[in-house]
Amino acid sequence: MYSVLRRASPKPSFSIPWNHSPPPQLPQDAALASLILESDREGLTRILHDPNIHWTSDSVNKTLKRLWNHGPKALQFFNTLDRHPTYTHSSSSYDHAIDIAGRLRDYKALWAFVSRMRSRRVGPGPRTFAIITERYVAAGKPDRAVKVFLSMHEHGCPQDLNSFNTILDVLCKAKRVEKAYNLFKVFRGRFRADCVSYNILANGWCLIKRTPRALELLGEMVERGIDPSLTTYNILLKGYLRAGQVKEAWEFFLQMKKRKCEIDVITYTTLVHGFGVVGEIKKARKIFDGMVGEGVLPSVATYNALIQVLCKKDCVENAVVVFEEMVSKGYVPNVTTYNVLVRGLCHAGNMDRAMELMERMKDDECEPNVQTYNVVIRYFCDAGEIDKALNVFEKMGRGDCLPNLDTYNVLISAMFVRKKPEDLLVAGKLLIEMVDRGFAKEILRSQSRCGRLPRQVKL
DNA sequence: ATAGGGTTAG
């Protein structure tokens, strides 16, 4: 039975936590994570304060990471352990907790962690502020993020070029490029902006498809005596391709070659992917086949790019051939390789082979992640095979990979499509489970963005 | 955790 149905019966008591579902050879932190999810406050203290468990910073961090999509429980775990008689949290665990609080937009808790960190003299450090600013920006508060950056020194962590570049990057990655550029103009002198600062901003303009501004910035850096690096050129190249300026991209690449710029594997990966996504498969292949002759070996990412575009714009069989080829050459596929191919197989209607590949992943010691599961669940739902989707969901729930908002969204909406009464019952239970796990705020936010819920609906 | 290349999808 999957977890929602189990939830319907009385919860197992703590002395026999695994009575209903004995853990199948799960890593310790995964077993712990599911145990935490199932337990109430009292039980939690009992487990965590058990003198037989030896806590380390590493095991705490792994557990927090597992509970990433279950914020309230994760913080409850962190706080309970914070009252442990002998164990004290490390700075990286505080950073994790701060990240989670920020994701939940619980700024009160976030700043309480910062003060506690400081009073225990384990921070806050540059990484802490990278996290905090990123969370504010993600919550749509870029001005707040800038203020936090400007007040870092008041928390005992002085700003430097690194932290300056970090805040620029955080703003750019969230597409607040104009804001980043304004901050940059004010402080580039004080922090001695370097090539990295310029690259971050150039990449920002490229992300919002404003390649002319990126090019302008390139001129600006040269004017100020900073030499563009290969990274700079790769950013521009990617920018042209992202903006659909394929011809310009190719000309830019030829210029790079002509100017004796050392072309690297990232340049080639960018090209293979870029030409592939616009459907120029032959060109993508030609670039891929030609790179070795230029003295550059493909990486796993290059293979991933080729496999992905073959799945999307050619046919999945050819992608499988390339996959087998890379394996026979001794490359070790990573989780992205598998995910791309699993999705390709699903898309081609080969659900059985997709599931087989997922099994092969496990045999190859590459654990499927939430994306892998979500893809398969989504395609099963699309095909109306809700029972099979639930079957896969059940496998996740056992703890090795916890569901996220997408997982719930896909499953629940699929059940509303079919409208069988028993489905609706399960959908309701899933919804309760979601709310239980702290997804409610997130749902409301995403729904109100789409205008699907009236504003007065409150949870 | 200072920058560039691969992950779902309407």
# chains A, B, ... in the order shown; residues from 1 in each chain; ligands from 1
$ interface_residues --of "chain B" --to "chain A" --cutoff "6 Å" --atoms "only C-alpha atoms (C1' of nucleotides)" --output "ChimeraX atom specification"
/B:1-7
$ select_by_dssp --residues "stretch 250-382 of chain A" --states "helix (DSSP H, G or I)" --output "compact mmCIF listing (two decimals) with N, CA, C and O atoms, in the first residue's frame"
# COMPACT_ATOMS: atom_id res chain seq x y z
N TRP A 250 26.97 30.41 -35.05
CA TRP A 250 27.97 29.72 -35.87
C TRP A 250 29.09 30.67 -36.28
O TRP A 250 30.27 30.32 -36.23
N GLU A 251 28.69 31.89 -36.64
CA GLU A 251 29.72 32.87 -37.01
C GLU A 251 30.61 33.22 -35.83
O GLU A 251 31.82 33.37 -35.98
N PHE A 252 29.99 33.31 -34.68
CA PHE A 252 30.77 33.61 -33.46
C PHE A 252 31.77 32.49 -33.19
O PHE A 252 32.93 32.75 -32.87
N PHE A 253 31.31 31.26 -33.36
CA PHE A 253 32.19 30.10 -33.17
C PHE A 253 33.35 30.14 -34.16
O PHE A 253 34.51 29.91 -33.78
N LEU A 254 33.06 30.47 -35.41
CA LEU A 254 34.13 30.56 -36.42
C LEU A 254 35.14 31.63 -36.04
O LEU A 254 36.35 31.45 -36.20
N GLN A 255 34.63 32.74 -35.50
CA GLN A 255 35.52 33.81 -35.03
C GLN A 255 36.43 33.31 -33.90
O GLN A 255 37.61 33.62 -33.86
N MET A 256 35.82 32.54 -33.00
CA MET A 256 36.60 31.99 -31.88
C MET A 256 37.75 31.15 -32.42
O MET A 256 38.89 31.26 -31.97
N LYS A 257 37.43 30.31 -33.40
CA LYS A 257 38.46 29.45 -34.00
C LYS A 257 39.51 30.30 -34.71
O LYS A 257 40.73 30.06 -34.56
N LYS A 258 39.04 31.26 -35.47
CA LYS A 258 39.93 32.09 -36.27
C LYS A 258 40.91 32.85 -35.39
O LYS A 258 42.08 33.01 -35.71
N VAL A 265 35.58 21.46 -24.41
CA VAL A 265 34.46 20.52 -24.50
C VAL A 265 33.12 21.23 -24.24
O VAL A 265 32.08 20.84 -24.78
N ILE A 266 33.17 22.30 -23.45
CA ILE A 266 31.93 23.03 -23.18
C ILE A 266 31.44 23.74 -24.44
O ILE A 266 30.25 23.74 -24.75
N THR A 267 32.37 24.30 -25.20
CA THR A 267 32.01 24.92 -26.48
C THR A 267 31.28 23.90 -27.36
O THR A 267 30.21 24.20 -27.91
N TYR A 268 31.87 22.73 -27.49
CA TYR A 268 31.27 21.71 -28.36
C TYR A 268 29.92 21.22 -27.83
O TYR A 268 28.98 21.02 -28.59
N THR A 269 29.84 21.03 -26.53
CA THR A 269 28.57 20.58 -25.94
C THR A 269 27.49 21.62 -26.21
O THR A 269 26.35 21.28 -26.56
N THR A 270 27.85 22.88 -26.05
CA THR A 270 26.91 23.96 -26.32
C THR A 270 26.41 23.89 -27.76
O THR A 270 25.20 24.03 -28.02
N LEU A 271 27.31 23.66 -28.69
CA LEU A 271 26.94 23.61 -30.11
C LEU A 271 26.07 22.40 -30.43
O LEU A 271 25.05 22.52 -31.14
N VAL A 272 26.46 21.24 -29.91
CA VAL A 272 25.68 20.02 -30.19
C VAL A 272 24.25 20.21 -29.69
O VAL A 272 23.28 19.95 -30.41
N HIS A 273 24.14 20.72 -28.48
CA HIS A 273 22.81 20.93 -27.91
C HIS A 273 22.03 22.00 -28.69
O HIS A 273 20.88 21.81 -29.05
N GLY A 274 22.72 23.11 -28.97
CA GLY A 274 22.08 24.24 -29.63
C GLY A 274 21.56 23.89 -31.02
O GLY A 274 20.41 24.22 -31.36
N PHE A 275 22.38 23.22 -31.82
CA PHE A 275 21.93 22.86 -33.15
C PHE A 275 20.88 21.76 -33.10
O PHE A 275 19.95 21.75 -33.91
N GLY A 276 21.01 20.88 -32.13
CA GLY A 276 20.02 19.82 -31.98
C GLY A 276 18.64 20.36 -31.66
O GLY A 276 17.66 19.96 -32.29
N VAL A 277 18.55 21.29 -30.73
CA VAL A 277 17.22 21.74 -30.33
C VAL A 277 16.50 22.51 -31.44
O VAL A 277 15.28 22.56 -31.45
N ILE A 281 19.82 18.18 -36.71
CA ILE A 281 20.43 16.97 -36.16
C ILE A 281 21.72 16.61 -36.89
O ILE A 281 22.71 16.23 -36.26
N LYS A 282 21.69 16.73 -38.21
CA LYS A 282 22.90 16.36 -38.97
C LYS A 282 24.08 17.22 -38.57
O LYS A 282 25.20 16.73 -38.40
N LYS A 283 23.81 18.51 -38.41
CA LYS A 283 24.87 19.43 -38.01
C LYS A 283 25.37 19.09 -36.61
O LYS A 283 26.58 19.07 -36.35
N ALA A 284 24.44 18.81 -35.71
CA ALA A 284 24.81 18.46 -34.33
C ALA A 284 25.70 17.22 -34.33
O ALA A 284 26.73 17.18 -33.64
N ARG A 285 25.32 16.24 -35.11
CA ARG A 285 26.11 15.01 -35.22
C ARG A 285 27.48 15.28 -35.78
O ARG A 285 28.49 14.74 -35.32
N LYS A 286 27.52 16.13 -36.80
CA LYS A 286 28.78 16.44 -37.46
C LYS A 286 29.74 17.11 -36.48
O LYS A 286 30.92 16.79 -36.42
N ILE A 287 29.19 18.03 -35.69
CA ILE A 287 30.02 18.70 -34.69
C ILE A 287 30.52 17.68 -33.67
O ILE A 287 31.69 17.66 -33.30
N PHE A 288 29.61 16.82 -33.24
CA PHE A 288 29.97 15.80 -32.26
C PHE A 288 31.08 14.89 -32.81
O PHE A 288 32.08 14.62 -32.14
N ASP A 289 30.88 14.42 -34.05
CA ASP A 289 31.87 13.51 -34.64
C ASP A 289 33.20 14.21 -34.93
O ASP A 289 34.25 13.58 -34.95
N GLY A 290 33.13 15.52 -35.17
CA GLY A 290 34.33 16.24 -35.56
C GLY A 290 35.21 16.71 -34.41
O GLY A 290 36.39 17.01 -34.60
N MET A 291 34.65 16.76 -33.21
CA MET A 291 35.41 17.35 -32.10
C MET A 291 36.68 16.56 -31.74
O MET A 291 37.69 17.15 -31.39
N VAL A 292 36.60 15.26 -31.85
CA VAL A 292 37.76 14.44 -31.51
C VAL A 292 38.94 14.79 -32.42
O VAL A 292 40.08 14.90 -31.97
N GLY A 293 38.62 15.02 -33.70
CA GLY A 293 39.65 15.41 -34.66
C GLY A 293 40.30 16.74 -34.31
O GLY A 293 41.43 17.03 -34.70
N GLU A 294 39.56 17.54 -33.54
CA GLU A 294 40.10 18.84 -33.11
C GLU A 294 40.82 18.70 -31.77
O GLU A 294 41.17 19.69 -31.13
N VAL A 300 30.58 13.25 -20.58
CA VAL A 300 29.25 12.67 -20.37
C VAL A 300 28.17 13.70 -20.73
O VAL A 300 27.16 13.38 -21.35
N ALA A 301 28.43 14.96 -20.40
CA ALA A 301 27.45 16.01 -20.72
C ALA A 301 27.27 16.15 -22.24
O ALA A 301 26.15 16.42 -22.71
N THR A 302 28.35 15.99 -22.99
CA THR A 302 28.23 16.06 -24.45
C THR A 302 27.34 14.93 -24.96
O THR A 302 26.46 15.14 -25.80
N TYR A 303 27.58 13.75 -24.43
CA TYR A 303 26.72 12.61 -24.80
C TYR A 303 25.27 12.90 -24.39
O TYR A 303 24.34 12.62 -25.13
N ASN A 304 25.10 13.44 -23.21
CA ASN A 304 23.73 13.75 -22.76
C ASN A 304 23.04 14.71 -23.72
O ASN A 304 21.87 14.54 -24.04
N ALA A 305 23.79 15.71 -24.18
CA ALA A 305 23.21 16.68 -25.11
C ALA A 305 22.79 15.98 -26.39
O ALA A 305 21.67 16.18 -26.89
N LEU A 306 23.66 15.14 -26.92
CA LEU A 306 23.36 14.44 -28.17
C LEU A 306 22.17 13.50 -27.99
O LEU A 306 21.24 13.47 -28.81
N ILE A 307 22.20 12.74 -26.90
CA ILE A 307 21.11 11.80 -26.64
C ILE A 307 19.78 12.54 -26.51
O ILE A 307 18.76 12.13 -27.07
N GLN A 308 19.82 13.66 -25.83
CA GLN A 308 18.59 14.41 -25.64
C GLN A 308 18.02 14.91 -26.97
O GLN A 308 16.83 14.77 -27.24
N VAL A 309 18.87 15.49 -27.80
CA VAL A 309 18.34 16.04 -29.05
C VAL A 309 17.92 14.93 -30.02
O VAL A 309 16.99 15.12 -30.80
N LEU A 310 18.59 13.79 -29.93
CA LEU A 310 18.14 12.67 -30.77
C LEU A 310 16.75 12.22 -30.33
O LEU A 310 15.89 11.94 -31.16
N CYS A 311 16.54 12.16 -29.03
CA CYS A 311 15.21 11.81 -28.53
C CYS A 311 14.15 12.79 -28.99
O CYS A 311 13.05 12.42 -29.36
N LYS A 312 14.51 14.06 -28.94
CA LYS A 312 13.50 15.09 -29.22
C LYS A 312 13.26 15.32 -30.70
O LYS A 312 12.13 15.56 -31.11
N LYS A 313 14.34 15.30 -31.47
CA LYS A 313 14.19 15.71 -32.86
C LYS A 313 14.49 14.62 -33.87
O LYS A 313 14.38 14.84 -35.07
N VAL A 316 14.14 7.85 -30.85
CA VAL A 316 14.70 7.34 -29.61
C VAL A 316 15.66 6.16 -29.87
O VAL A 316 16.61 5.95 -29.14
N GLU A 317 15.41 5.42 -30.96
CA GLU A 317 16.29 4.29 -31.26
C GLU A 317 17.72 4.75 -31.50
O GLU A 317 18.67 4.14 -31.02
N ASN A 318 17.87 5.83 -32.22
CA ASN A 318 19.21 6.37 -32.47
C ASN A 318 19.85 6.84 -31.17
O ASN A 318 21.06 6.74 -30.99
N ALA A 319 19.03 7.38 -30.29
CA ALA A 319 19.54 7.81 -28.99
C ALA A 319 20.05 6.61 -28.19
O ALA A 319 21.10 6.68 -27.56
N VAL A 320 19.31 5.51 -28.27
CA VAL A 320 19.72 4.30 -27.56
C VAL A 320 21.06 3.81 -28.11
O VAL A 320 21.95 3.40 -27.35
N VAL A 321 21.22 3.88 -29.43
CA VAL A 321 22.49 3.47 -30.04
C VAL A 321 23.64 4.30 -29.48
O VAL A 321 24.69 3.75 -29.10
N VAL A 322 23.45 5.60 -29.40
CA VAL A 322 24.51 6.48 -28.87
C VAL A 322 24.77 6.14 -27.40
O VAL A 322 25.92 6.11 -26.95
N PHE A 323 23.71 5.87 -26.66
CA PHE A 323 23.85 5.49 -25.26
C PHE A 323 24.73 4.24 -25.12
O PHE A 323 25.67 4.21 -24.33
N GLU A 324 24.41 3.21 -25.92
CA GLU A 324 25.20 1.98 -25.84
C GLU A 324 26.65 2.23 -26.27
O GLU A 324 27.59 1.66 -25.70
N GLU A 325 26.79 3.11 -27.24
CA GLU A 325 28.11 3.46 -27.73
C GLU A 325 28.96 4.09 -26.62
O GLU A 325 30.12 3.73 -26.43
N MET A 326 28.33 5.02 -25.91
CA MET A 326 29.11 5.69 -24.84
C MET A 326 29.51 4.71 -23.75
O MET A 326 30.61 4.77 -23.22
N VAL A 327 28.59 3.81 -23.43
CA VAL A 327 28.90 2.82 -22.40
C VAL A 327 30.06 1.93 -22.86
O VAL A 327 30.99 1.67 -22.10
N SER A 328 30.00 1.52 -24.13
CA SER A 328 31.06 0.61 -24.62
C SER A 328 32.41 1.32 -24.67
O SER A 328 33.45 0.67 -24.65
N VAL A 335 22.90 10.42 -13.81
CA VAL A 335 21.44 10.42 -13.64
C VAL A 335 20.77 11.23 -14.76
O VAL A 335 19.67 10.90 -15.21
N THR A 336 21.45 12.25 -15.26
CA THR A 336 20.88 13.03 -16.36
C THR A 336 20.77 12.18 -17.63
O THR A 336 19.75 12.21 -18.32
N THR A 337 21.83 11.42 -17.92
CA THR A 337 21.80 10.54 -19.09
C THR A 337 20.56 9.65 -19.04
O THR A 337 19.79 9.56 -20.01
N TYR A 338 20.38 9.00 -17.90
CA TYR A 338 19.25 8.09 -17.77
C TYR A 338 17.92 8.84 -17.86
O TYR A 338 17.00 8.40 -18.53
N ASN A 339 17.86 9.98 -17.20
CA ASN A 339 16.59 10.71 -17.22
C ASN A 339 16.19 11.13 -18.63
O ASN A 339 15.03 11.05 -19.01
N VAL A 340 17.16 11.59 -19.38
CA VAL A 340 16.89 12.02 -20.74
C VAL A 340 16.37 10.85 -21.57
O VAL A 340 15.40 10.97 -22.31
N LEU A 341 17.00 9.70 -21.41
CA LEU A 341 16.63 8.54 -22.20
C LEU A 341 15.31 7.93 -21.71
O LEU A 341 14.49 7.50 -22.52
N VAL A 342 15.11 7.94 -20.40
CA VAL A 342 13.84 7.44 -19.86
C VAL A 342 12.70 8.29 -20.42
O VAL A 342 11.69 7.77 -20.90
N ARG A 343 12.89 9.58 -20.42
CA ARG A 343 11.88 10.46 -20.96
C ARG A 343 11.65 10.20 -22.45
O ARG A 343 10.51 10.18 -22.92
N GLY A 344 12.74 10.00 -23.18
CA GLY A 344 12.63 9.70 -24.61
C GLY A 344 11.81 8.43 -24.86
O GLY A 344 10.95 8.41 -25.73
N LEU A 345 12.08 7.42 -24.08
CA LEU A 345 11.35 6.17 -24.22
C LEU A 345 9.88 6.35 -23.88
O LEU A 345 9.00 5.86 -24.58
N CYS A 346 9.62 7.07 -22.80
CA CYS A 346 8.23 7.34 -22.41
C CYS A 346 7.51 8.08 -23.53
O CYS A 346 6.39 7.76 -23.91
N HIS A 347 8.19 9.07 -24.06
CA HIS A 347 7.57 9.91 -25.08
C HIS A 347 7.23 9.10 -26.32
O HIS A 347 6.24 9.37 -27.01
N MET A 351 6.76 2.51 -22.60
CA MET A 351 6.78 2.57 -21.14
C MET A 351 7.52 1.38 -20.53
O MET A 351 8.21 1.52 -19.52
N ASP A 352 7.36 0.21 -21.15
CA ASP A 352 8.03 -0.97 -20.60
C ASP A 352 9.54 -0.80 -20.63
O ASP A 352 10.22 -1.10 -19.65
N ARG A 353 10.05 -0.30 -21.75
CA ARG A 353 11.49 -0.12 -21.84
C ARG A 353 11.97 0.99 -20.91
O ARG A 353 13.07 0.92 -20.37
N ALA A 354 11.13 1.99 -20.71
CA ALA A 354 11.48 3.06 -19.77
C ALA A 354 11.65 2.48 -18.37
O ALA A 354 12.61 2.78 -17.65
N MET A 355 10.71 1.62 -17.99
CA MET A 355 10.79 0.99 -16.67
C MET A 355 12.00 0.08 -16.56
O MET A 355 12.66 0.03 -15.52
N GLU A 356 12.29 -0.62 -17.66
CA GLU A 356 13.48 -1.47 -17.67
C GLU A 356 14.74 -0.64 -17.46
O GLU A 356 15.63 -1.03 -16.70
N LEU A 357 14.78 0.50 -18.14
CA LEU A 357 15.96 1.35 -18.02
C LEU A 357 16.10 1.87 -16.59
O LEU A 357 17.21 1.99 -16.05
N MET A 358 14.96 2.13 -15.95
CA MET A 358 15.00 2.57 -14.56
C MET A 358 15.58 1.49 -13.67
O MET A 358 16.33 1.78 -12.74
N GLU A 359 15.24 0.26 -13.97
CA GLU A 359 15.82 -0.86 -13.21
C GLU A 359 17.33 -0.94 -13.46
O GLU A 359 18.11 -1.15 -12.54
N ARG A 360 17.69 -0.73 -14.71
CA ARG A 360 19.11 -0.79 -15.06
C ARG A 360 19.90 0.30 -14.33
O ARG A 360 21.03 0.09 -13.90
N MET A 361 19.27 1.46 -14.17
CA MET A 361 19.89 2.55 -13.41
C MET A 361 20.34 2.05 -12.05
O MET A 361 21.45 2.26 -11.62
N LYS A 362 19.38 1.40 -11.38
CA LYS A 362 19.67 0.93 -10.02
C LYS A 362 20.80 -0.08 -10.04
O LYS A 362 21.68 -0.04 -9.18
N ASP A 363 20.78 -0.97 -11.03
CA ASP A 363 21.87 -1.96 -11.14
C ASP A 363 23.20 -1.26 -11.38
O ASP A 363 24.24 -1.74 -10.94
N VAL A 370 14.03 12.30 -8.09
CA VAL A 370 12.61 12.68 -8.17
C VAL A 370 12.20 12.99 -9.60
O VAL A 370 11.08 12.71 -10.02
N GLN A 371 13.14 13.51 -10.40
CA GLN A 371 12.81 13.79 -11.80
C GLN A 371 12.51 12.49 -12.57
O GLN A 371 11.57 12.44 -13.37
N THR A 372 13.33 11.48 -12.32
CA THR A 372 13.11 10.20 -12.99
C THR A 372 11.70 9.70 -12.69
O THR A 372 10.94 9.34 -13.60
N TYR A 373 11.37 9.68 -11.40
CA TYR A 373 10.05 9.19 -11.00
C TYR A 373 8.94 10.04 -11.59
O TYR A 373 7.94 9.54 -12.09
N ASN A 374 9.14 11.36 -11.55
CA ASN A 374 8.08 12.24 -12.04
C ASN A 374 7.80 12.03 -13.53
O ASN A 374 6.64 12.07 -13.96
N VAL A 375 8.84 11.83 -14.29
CA VAL A 375 8.65 11.61 -15.72
C VAL A 375 7.79 10.37 -15.96
O VAL A 375 6.80 10.41 -16.69
N VAL A 376 8.17 9.28 -15.33
CA VAL A 376 7.45 8.03 -15.53
C VAL A 376 6.00 8.16 -15.05
O VAL A 376 5.06 7.75 -15.73
N ILE A 377 5.85 8.78 -13.87
CA ILE A 377 4.50 8.96 -13.33
C ILE A 377 3.65 9.80 -14.29
O ILE A 377 2.51 9.48 -14.59
N ARG A 378 4.25 10.87 -14.79
CA ARG A 378 3.52 11.75 -15.70
C ARG A 378 3.04 11.01 -16.95
O ARG A 378 1.89 11.11 -17.35
N TYR A 379 3.95 10.24 -17.54
CA TYR A 379 3.56 9.55 -18.77
C TYR A 379 2.55 8.44 -18.51
O TYR A 379 1.66 8.21 -19.33
N PHE A 380 2.65 7.78 -17.39
CA PHE A 380 1.62 6.80 -17.05
C PHE A 380 0.27 7.48 -16.89
O PHE A 380 -0.74 7.01 -17.38
N CYS A 381 0.28 8.62 -16.23
CA CYS A 381 -0.98 9.35 -16.05
C CYS A 381 -1.54 9.79 -17.40
O CYS A 381 -2.74 9.65 -17.66
N ASP A 382 -0.69 10.31 -18.25
CA ASP A 382 -1.14 10.77 -19.57
C ASP A 382 -1.76 9.62 -20.37
O ASP A 382 -2.67 9.84 -21.16
$ residues_around --residues "A:Asn79" --least-positions-apart "2" --cutoff "12 Å" --atoms "only C-alpha atoms (C1' of nucleotides)" --output "ChimeraX atom specification"
/A:41,44-45,48-49,60,64,72-77,81-84,87-89,93-94,97-98,101,109,112-113,116
$ residues_around --residues "A:Pro142" --least-positions-apart "6" --cutoff "10 Å" --atoms "only C-alpha atoms (C1' of nucleotides)" --output "compact mmCIF listing (two decimals) with N, CA, C and O atoms, in the first residue's frame"
# COMPACT_ATOMS: atom_id res chain seq x y z
N THR A 133 20.16 35.36 0.46
CA THR A 133 19.81 36.26 -0.64
C THR A 133 19.09 35.49 -1.75
O THR A 133 18.13 36.00 -2.33
N GLU A 134 19.54 34.28 -2.00
CA GLU A 134 18.87 33.49 -3.03
C GLU A 134 17.41 33.25 -2.68
O GLU A 134 16.53 33.31 -3.53
N ARG A 135 17.16 32.97 -1.41
CA ARG A 135 15.78 32.73 -0.98
C ARG A 135 14.91 33.98 -1.10
O ARG A 135 13.76 33.91 -1.50
N TYR A 136 15.46 35.12 -0.74
CA TYR A 136 14.68 36.36 -0.89
C TYR A 136 14.38 36.64 -2.36
O TYR A 136 13.26 37.02 -2.72
N VAL A 148 20.19 42.75 2.39
CA VAL A 148 20.88 41.75 3.20
C VAL A 148 22.36 41.71 2.83
O VAL A 148 23.23 41.69 3.70
N ILE A 167 26.16 37.73 -5.08
CA ILE A 167 24.86 38.41 -5.12
C ILE A 167 24.51 38.78 -6.57
O ILE A 167 23.35 38.68 -6.98
N VAL A 170 23.22 35.59 -8.07
CA VAL A 170 21.88 35.26 -7.57
C VAL A 170 20.83 36.10 -8.30
O VAL A 170 19.80 35.58 -8.75
N LEU A 171 21.09 37.38 -8.43
CA LEU A 171 20.13 38.25 -9.12
C LEU A 171 20.00 37.87 -10.59
O LEU A 171 18.89 37.80 -11.13
N ALA A 174 18.06 34.74 -11.36
CA ALA A 174 16.63 34.93 -11.19
C ALA A 174 16.10 35.93 -12.22
O ALA A 174 14.97 36.41 -12.11
N ARG A 176 16.86 38.93 -12.70
CA ARG A 176 16.80 40.33 -12.27
C ARG A 176 18.09 41.00 -12.72
O ARG A 176 18.88 41.50 -11.90
N LYS A 179 18.62 44.88 -12.22
CA LYS A 179 18.96 45.18 -10.83
C LYS A 179 20.42 44.82 -10.54
O LYS A 179 21.13 45.57 -9.87
N ALA A 180 20.84 43.69 -11.05
CA ALA A 180 22.24 43.27 -10.85
C ALA A 180 23.18 44.27 -11.49
O ALA A 180 24.20 44.66 -10.89
